[in-house]
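Structure, as structure tokens:
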Number of protein chains: 2
Amino acid sequence: MAGKSTNPNFMNGVPELLILRLLQQQEMYGYEIVQAIRSQSNEVITVGEGVVYPVLHALEREKALKSRRKTINGRSRVYYSMTRSGSRRLAGLCSDWTNLAEAIHTMLTGAEHIEAV
Amino acid sequence: MAGKSTNPNFMNGVPELLILRLLQQQEMYGYEIVQAIRSQSNEVITVGEGVVYPVLHALEREKALKSRRKTINGRSRVYYSMTRSGSRRLAGLCSDWTNLAEAIHTMLTGAEHIEAV
DNA sequence: TGCAATACATTGAACTGCGAGGTATAGTGA
DNA sequence: TCACTATACCTCGCAGTTCAATGTATTGCA
């Protein structure tokens with residue numbers, strides 16, 4: 001994950017990162033995730049269902065998540081939880097993100113040092 | 001720029017952000033920007049010329065940048081510098097980025113608080 | 001002469017993320 | 001009972017970015 005030619009398309013995959021992070025804490029279902037991201041980010045980040053569901057399906061396909069159906073009040077939900085593989089994936093994405101954010105932060109704030117050509 | 005329906009496509013526009021930031025400090029030319037981003041980010045971020053030039057052209061078209069040709073050692077360079085409009089644009093992107101990064105950071109680190117349903 | 005570095009630029013493909021739309025059930029109020 | 005909203009799932013096509021690859025031309029060096 002650190003040996004690609006350049007950047008893996010920069011910050012793509014933030015929804016995936018957030019979803020994995022939420023599922024690390026507790027089992028959740030799609031609709032719930034959409035609202036959790038919105039509320040936990042103080043309305044700063046909003047991902048639609050059109051983003052969340054495809055990501056969940058892809059992660060399950062890659063065995064980073066596993067799902068089980070539960071019916072509650074006659075309402076069927078698909079609960080997702082993390083696998084060990086998903087946990088590893090989260091750790092990787094998390095460190096990628098941190099590196100990137102730090103690099104950008106440095107470029108934005110530091111650098112009153114101009115140059116010494 | 002802060003009143004879109006949801007997220008302005010998340011973090012798209014990071015190259016633009018970095019380019020504007022560099023040009024805020026000093027006049028630069030395309031090839032130089034490519035290398036400055038790479039070195040100032042400690043090799044964490046690499047943007048190719050295929051990213052930088054289109055961004056420069058677009059920003060100039062929108063009057064966020066202005067350019068002038070200089071020939072040095074028989075080598076022609078196009079130097080870009082920021083306009084007042086570009087400065088405002090940078091301020092906006094910068095604050096957008098900061099909000100986003102903070103929100104993500106909070107979701108990644110905070111939240112041992114699980115829930116209280 | 002040949003090669004690498006500099007310096008500009010464009011193009012096509014690939015990938016995300018997004019909004020819009022579609023289905024179905026449960027609860028609420030008229 | 002009916003209509004409306006909220007819940008809960010899902011898919012499709014568009015739009016916008018980024019990337020690698022490629023092309024041109026010049027300079028300096030061996």
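Residues are referred to by chain and number: the chain letter is A, B, ... according to the order shown in the structure tokens, the number counts from 1 in that chain, and ligands are numbered separately from 1 in the order shown.
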Those of segment 5-76 of chain B in DSSP strand (DSSP E or B), formatted as number ranges by chain: B: 28-29, 65-72, 75-76
Prev. selection, C-alpha atoms, output as a PDB file, in the first residue's frame:
```
ATOM      1  CA  MET B  28       6.659  29.711 -10.048  1.00  0.00           C
ATOM      2  CA  TYR B  29       6.468  27.778 -13.290  1.00  0.00           C
ATOM      3  CA  LEU B  65      -3.719  33.278 -11.711  1.00  0.00           C
ATOM      4  CA  LYS B  66      -1.872  35.404 -14.195  1.00  0.00           C
ATOM      5  CA  SER B  67       1.126  34.331 -16.220  1.00  0.00           C
ATOM      6  CA  ARG B  68       4.065  35.865 -17.979  1.00  0.00           C
ATOM      7  CA  ARG B  69       6.754  34.375 -20.148  1.00  0.00           C
ATOM      8  CA  LYS B  70      10.362  34.614 -19.187  1.00  0.00           C
ATOM      9  CA  THR B  71      13.277  33.268 -21.129  1.00  0.00           C
ATOM     10  CA  ILE B  72      16.213  32.130 -19.076  1.00  0.00           C
ATOM     11  CA  ARG B  75      14.834  28.246 -22.046  1.00  0.00           C
ATOM     12  CA  SER B  76      11.302  29.571 -22.094  1.00  0.00           C
TER      13      SER B  76
END
```
Residue hits in chain A, query chain B, radius 9 Å, only C-alpha atoms, as a ChimeraX atom specification: /A:6-7,10-12,14,17-18,21-22,25-26,37,40-42,44-48,94,98-108,111-112,114
Could you dump the residues just selected with N, CA and C atoms as a CSV table (one decimal), in the first residue's frame?
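Written file, again05.csv:
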```csv
chain,number,residue,atom,x,y,z
A,6,THR,N,2.6,6.3,-7.7
A,6,THR,CA,2.5,7.6,-7.1
A,6,THR,C,1.5,7.6,-6.0
A,7,ASN,N,0.5,8.4,-6.0
A,7,ASN,CA,-0.5,8.4,-5.0
A,7,ASN,C,-1.7,7.6,-5.5
A,10,PHE,N,-4.9,10.0,-4.5
A,10,PHE,CA,-5.1,11.0,-3.4
A,10,PHE,C,-6.0,10.6,-2.3
A,11,MET,N,-7.1,11.2,-2.2
A,11,MET,CA,-8.0,11.0,-1.0
A,11,MET,C,-9.2,10.2,-1.3
A,12,ASN,N,-9.2,9.6,-2.5
A,12,ASN,CA,-10.3,8.7,-2.8
A,12,ASN,C,-10.3,7.7,-1.7
A,14,VAL,N,-12.3,8.0,1.1
A,14,VAL,CA,-12.6,8.5,2.4
A,14,VAL,C,-13.9,7.9,2.9
A,17,LEU,N,-13.0,4.7,4.4
A,17,LEU,CA,-12.3,4.8,5.6
A,17,LEU,C,-13.3,5.1,6.8
A,18,LEU,N,-14.2,5.9,6.6
A,18,LEU,CA,-15.1,6.3,7.6
A,18,LEU,C,-16.1,5.1,8.0
A,21,ARG,N,-14.2,2.6,10.0
A,21,ARG,CA,-14.0,3.1,11.3
A,21,ARG,C,-15.3,2.9,12.2
A,22,LEU,N,-16.4,3.2,11.6
A,22,LEU,CA,-17.6,3.0,12.4
A,22,LEU,C,-17.9,1.6,12.7
A,25,GLN,N,-16.2,-0.1,15.7
A,25,GLN,CA,-16.7,0.2,17.0
A,25,GLN,C,-17.9,-0.7,17.3
A,26,GLN,N,-18.8,-0.9,16.3
A,26,GLN,CA,-19.9,-1.7,16.5
A,26,GLN,C,-20.6,-2.1,15.2
A,37,ILE,N,-22.5,9.0,10.0
A,37,ILE,CA,-21.4,9.8,9.4
A,37,ILE,C,-21.9,11.3,9.5
A,40,GLN,N,-22.0,12.3,13.4
A,40,GLN,CA,-20.8,12.3,14.1
A,40,GLN,C,-19.8,13.3,13.5
A,41,SER,N,-20.0,13.7,12.3
A,41,SER,CA,-19.1,14.7,11.7
A,41,SER,C,-19.6,16.1,11.9
A,42,ASN,N,-20.7,16.2,12.7
A,42,ASN,CA,-21.3,17.5,12.9
A,42,ASN,C,-21.8,18.1,11.6
A,44,VAL,N,-20.7,18.0,8.8
A,44,VAL,CA,-19.7,18.4,7.8
A,44,VAL,C,-19.6,17.5,6.7
A,45,ILE,N,-19.7,16.2,6.9
A,45,ILE,CA,-19.6,15.2,5.9
A,45,ILE,C,-20.9,14.5,5.7
A,46,THR,N,-21.4,14.5,4.5
A,46,THR,CA,-22.6,13.8,4.1
A,46,THR,C,-22.3,12.8,3.0
A,47,VAL,N,-22.5,11.5,3.2
A,47,VAL,CA,-22.4,10.6,2.1
A,47,VAL,C,-23.8,10.0,1.9
A,48,GLY,N,-24.2,9.9,0.7
A,48,GLY,CA,-25.5,9.4,0.4
A,48,GLY,C,-25.5,7.9,0.4
A,94,CYS,N,-6.0,4.2,7.4
A,94,CYS,CA,-5.9,5.2,8.4
A,94,CYS,C,-4.5,5.8,8.4
A,98,THR,N,-3.5,9.7,7.5
A,98,THR,CA,-2.7,10.5,8.4
A,98,THR,C,-1.5,11.2,7.8
A,99,ASN,N,-0.8,10.3,7.1
A,99,ASN,CA,0.4,10.8,6.3
A,99,ASN,C,0.0,12.0,5.4
A,100,LEU,N,-1.0,11.7,4.6
A,100,LEU,CA,-1.4,12.7,3.6
A,100,LEU,C,-1.9,14.0,4.3
A,101,ALA,N,-2.7,13.9,5.3
A,101,ALA,CA,-3.2,15.0,6.0
A,101,ALA,C,-2.1,15.9,6.6
A,102,GLU,N,-1.1,15.2,7.2
A,102,GLU,CA,0.0,15.8,7.8
A,102,GLU,C,0.8,16.6,6.7
A,103,ALA,N,1.1,15.9,5.6
A,103,ALA,CA,1.9,16.5,4.5
A,103,ALA,C,1.2,17.8,4.0
A,104,ILE,N,-0.1,17.7,3.9
A,104,ILE,CA,-0.9,18.9,3.4
A,104,ILE,C,-0.8,20.0,4.4
A,105,HIS,N,-1.0,19.6,5.6
A,105,HIS,CA,-1.1,20.6,6.7
A,105,HIS,C,0.3,21.3,6.8
A,106,THR,N,1.3,20.6,6.6
A,106,THR,CA,2.7,21.2,6.7
A,106,THR,C,2.8,22.2,5.5
A,107,MET,N,2.4,21.8,4.4
A,107,MET,CA,2.5,22.7,3.2
A,107,MET,C,1.6,23.9,3.4
A,108,LEU,N,0.5,23.8,4.1
A,108,LEU,CA,-0.4,24.9,4.2
A,108,LEU,C,0.0,25.9,5.3
A,111,ALA,N,6.4,26.6,6.2
A,111,ALA,CA,6.9,27.2,5.0
A,111,ALA,C,6.7,28.7,5.0
A,112,GLU,N,7.2,29.4,6.0
A,112,GLU,CA,7.5,30.8,5.9
A,112,GLU,C,8.9,30.9,5.5
A,114,ILE,N,10.4,30.1,2.9
A,114,ILE,CA,10.6,30.3,1.5
A,114,ILE,C,11.8,29.5,1.0
```
Within 9 Å of chain B: each chain C residue with its shortest pair, only C-alpha atoms (C1' of nucleotides), as a tab-separated table:
```
residue	atom	partner	partner_atom	distance
C:DT6	C1'	B:Tyr31	CA	8.2
C:DA7	C1'	B:Tyr31	CA	6.4
C:DC8	C1'	B:Arg77	CA	8.0
C:DA9	C1'	B:Tyr53	CA	7.6
C:DT10	C1'	B:Gly50	CA	8.5
C:DG17	C1'	B:Asn9	CA	6.6
C:DC18	C1'	B:Asn9	CA	8.0
```
Over all C-alpha atoms paired in order - RMSD of chain A on chain B: 0.2 Å
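Atom CA of Gly92 of chain B lies 26.7 Å from atom CA of Ser95 of chain A.
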Shell of 10 Å around Glu60 of chain A, only C-alpha atoms (C1' of nucleotides), local chain residues under 3 positions omitted, as a ChimeraX atom specification: /A:54-57,63-67,80-83,86
Test item: chain D residues at most 12 Å from chain A, counting only C-alpha atoms (C1' of nucleotides), as an MDAnalysis selection string: chainID D and resid 6:12 17:20
DSSP helix (DSSP H, G or I) residues within segment 56-101 of chain A, as a PyMOL selection string: chain A and resi 56-61+84-101
Let me see the file: selected residues, N, CA and C atoms, as a PDB file, in the first residue's frame.
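Saved result, selection.pdb, follows:
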```
ATOM      1  N   LEU A  56     -20.134  -0.932   0.871  1.00  0.00           N
ATOM      2  CA  LEU A  56     -20.386  -2.093   1.730  1.00  0.00           C
ATOM      3  C   LEU A  56     -20.310  -3.384   0.923  1.00  0.00           C
ATOM      4  N   HIS A  57     -20.935  -3.381  -0.244  1.00  0.00           N
ATOM      5  CA  HIS A  57     -20.933  -4.587  -1.066  1.00  0.00           C
ATOM      6  C   HIS A  57     -19.530  -4.959  -1.515  1.00  0.00           C
ATOM      7  N   ALA A  58     -18.786  -3.934  -1.903  1.00  0.00           N
ATOM      8  CA  ALA A  58     -17.427  -4.194  -2.371  1.00  0.00           C
ATOM      9  C   ALA A  58     -16.565  -4.731  -1.238  1.00  0.00           C
ATOM     10  N   LEU A  59     -16.690  -4.158  -0.076  1.00  0.00           N
ATOM     11  CA  LEU A  59     -15.882  -4.595   1.068  1.00  0.00           C
ATOM     12  C   LEU A  59     -16.242  -6.016   1.480  1.00  0.00           C
ATOM     13  N   GLU A  60     -17.506  -6.341   1.372  1.00  0.00           N
ATOM     14  CA  GLU A  60     -17.896  -7.705   1.722  1.00  0.00           C
ATOM     15  C   GLU A  60     -17.345  -8.690   0.685  1.00  0.00           C
ATOM     16  N   ARG A  61     -17.401  -8.274  -0.562  1.00  0.00           N
ATOM     17  CA  ARG A  61     -16.876  -9.114  -1.637  1.00  0.00           C
ATOM     18  C   ARG A  61     -15.397  -9.410  -1.399  1.00  0.00           C
ATOM     19  N   ARG A  84     -11.063  -9.725  10.387  1.00  0.00           N
ATOM     20  CA  ARG A  84      -9.682  -9.412  10.716  1.00  0.00           C
ATOM     21  C   ARG A  84      -9.037  -8.679   9.538  1.00  0.00           C
ATOM     22  N   SER A  85      -9.355  -9.171   8.343  1.00  0.00           N
ATOM     23  CA  SER A  85      -8.821  -8.548   7.137  1.00  0.00           C
ATOM     24  C   SER A  85      -9.261  -7.085   7.031  1.00  0.00           C
ATOM     25  N   GLY A  86     -10.510  -6.834   7.401  1.00  0.00           N
ATOM     26  CA  GLY A  86     -11.016  -5.474   7.360  1.00  0.00           C
ATOM     27  C   GLY A  86     -10.295  -4.587   8.349  1.00  0.00           C
ATOM     28  N   SER A  87      -9.947  -5.168   9.459  1.00  0.00           N
ATOM     29  CA  SER A  87      -9.243  -4.431  10.495  1.00  0.00           C
ATOM     30  C   SER A  87      -7.878  -3.995   9.988  1.00  0.00           C
ATOM     31  N   ARG A  88      -7.240  -4.908   9.304  1.00  0.00           N
ATOM     32  CA  ARG A  88      -5.935  -4.583   8.742  1.00  0.00           C
ATOM     33  C   ARG A  88      -6.063  -3.493   7.690  1.00  0.00           C
ATOM     34  N   ARG A  89      -7.090  -3.646   6.884  1.00  0.00           N
ATOM     35  CA  ARG A  89      -7.319  -2.659   5.843  1.00  0.00           C
ATOM     36  C   ARG A  89      -7.549  -1.283   6.435  1.00  0.00           C
ATOM     37  N   LEU A  90      -8.307  -1.230   7.491  1.00  0.00           N
ATOM     38  CA  LEU A  90      -8.571   0.040   8.167  1.00  0.00           C
ATOM     39  C   LEU A  90      -7.275   0.667   8.672  1.00  0.00           C
ATOM     40  N   ALA A  91      -6.442  -0.158   9.269  1.00  0.00           N
ATOM     41  CA  ALA A  91      -5.180   0.347   9.799  1.00  0.00           C
ATOM     42  C   ALA A  91      -4.353   0.985   8.690  1.00  0.00           C
ATOM     43  N   GLY A  92      -4.327   0.321   7.540  1.00  0.00           N
ATOM     44  CA  GLY A  92      -3.572   0.840   6.408  1.00  0.00           C
ATOM     45  C   GLY A  92      -4.128   2.156   5.894  1.00  0.00           C
ATOM     46  N   LEU A  93      -5.428   2.184   5.681  1.00  0.00           N
ATOM     47  CA  LEU A  93      -6.057   3.398   5.164  1.00  0.00           C
ATOM     48  C   LEU A  93      -5.874   4.546   6.145  1.00  0.00           C
ATOM     49  N   CYS A  94      -5.963   4.209   7.393  1.00  0.00           N
ATOM     50  CA  CYS A  94      -5.853   5.198   8.444  1.00  0.00           C
ATOM     51  C   CYS A  94      -4.470   5.836   8.432  1.00  0.00           C
ATOM     52  N   SER A  95      -3.464   5.025   8.298  1.00  0.00           N
ATOM     53  CA  SER A  95      -2.115   5.573   8.307  1.00  0.00           C
ATOM     54  C   SER A  95      -1.851   6.344   7.010  1.00  0.00           C
ATOM     55  N   ASP A  96      -2.404   5.859   5.898  1.00  0.00           N
ATOM     56  CA  ASP A  96      -2.283   6.600   4.645  1.00  0.00           C
ATOM     57  C   ASP A  96      -2.876   7.998   4.809  1.00  0.00           C
ATOM     58  N   TRP A  97      -4.060   8.014   5.374  1.00  0.00           N
ATOM     59  CA  TRP A  97      -4.751   9.283   5.545  1.00  0.00           C
ATOM     60  C   TRP A  97      -3.962  10.241   6.428  1.00  0.00           C
ATOM     61  N   THR A  98      -3.452   9.719   7.503  1.00  0.00           N
ATOM     62  CA  THR A  98      -2.709  10.550   8.442  1.00  0.00           C
ATOM     63  C   THR A  98      -1.477  11.159   7.783  1.00  0.00           C
ATOM     64  N   ASN A  99      -0.761  10.338   7.060  1.00  0.00           N
ATOM     65  CA  ASN A  99       0.411  10.845   6.346  1.00  0.00           C
ATOM     66  C   ASN A  99       0.044  11.965   5.397  1.00  0.00           C
ATOM     67  N   LEU A 100      -0.990  11.717   4.634  1.00  0.00           N
ATOM     68  CA  LEU A 100      -1.425  12.690   3.643  1.00  0.00           C
ATOM     69  C   LEU A 100      -1.858  13.985   4.301  1.00  0.00           C
ATOM     70  N   ALA A 101      -2.683  13.860   5.321  1.00  0.00           N
ATOM     71  CA  ALA A 101      -3.202  15.047   5.996  1.00  0.00           C
ATOM     72  C   ALA A 101      -2.072  15.856   6.621  1.00  0.00           C
TER      73      ALA A 101
END
```
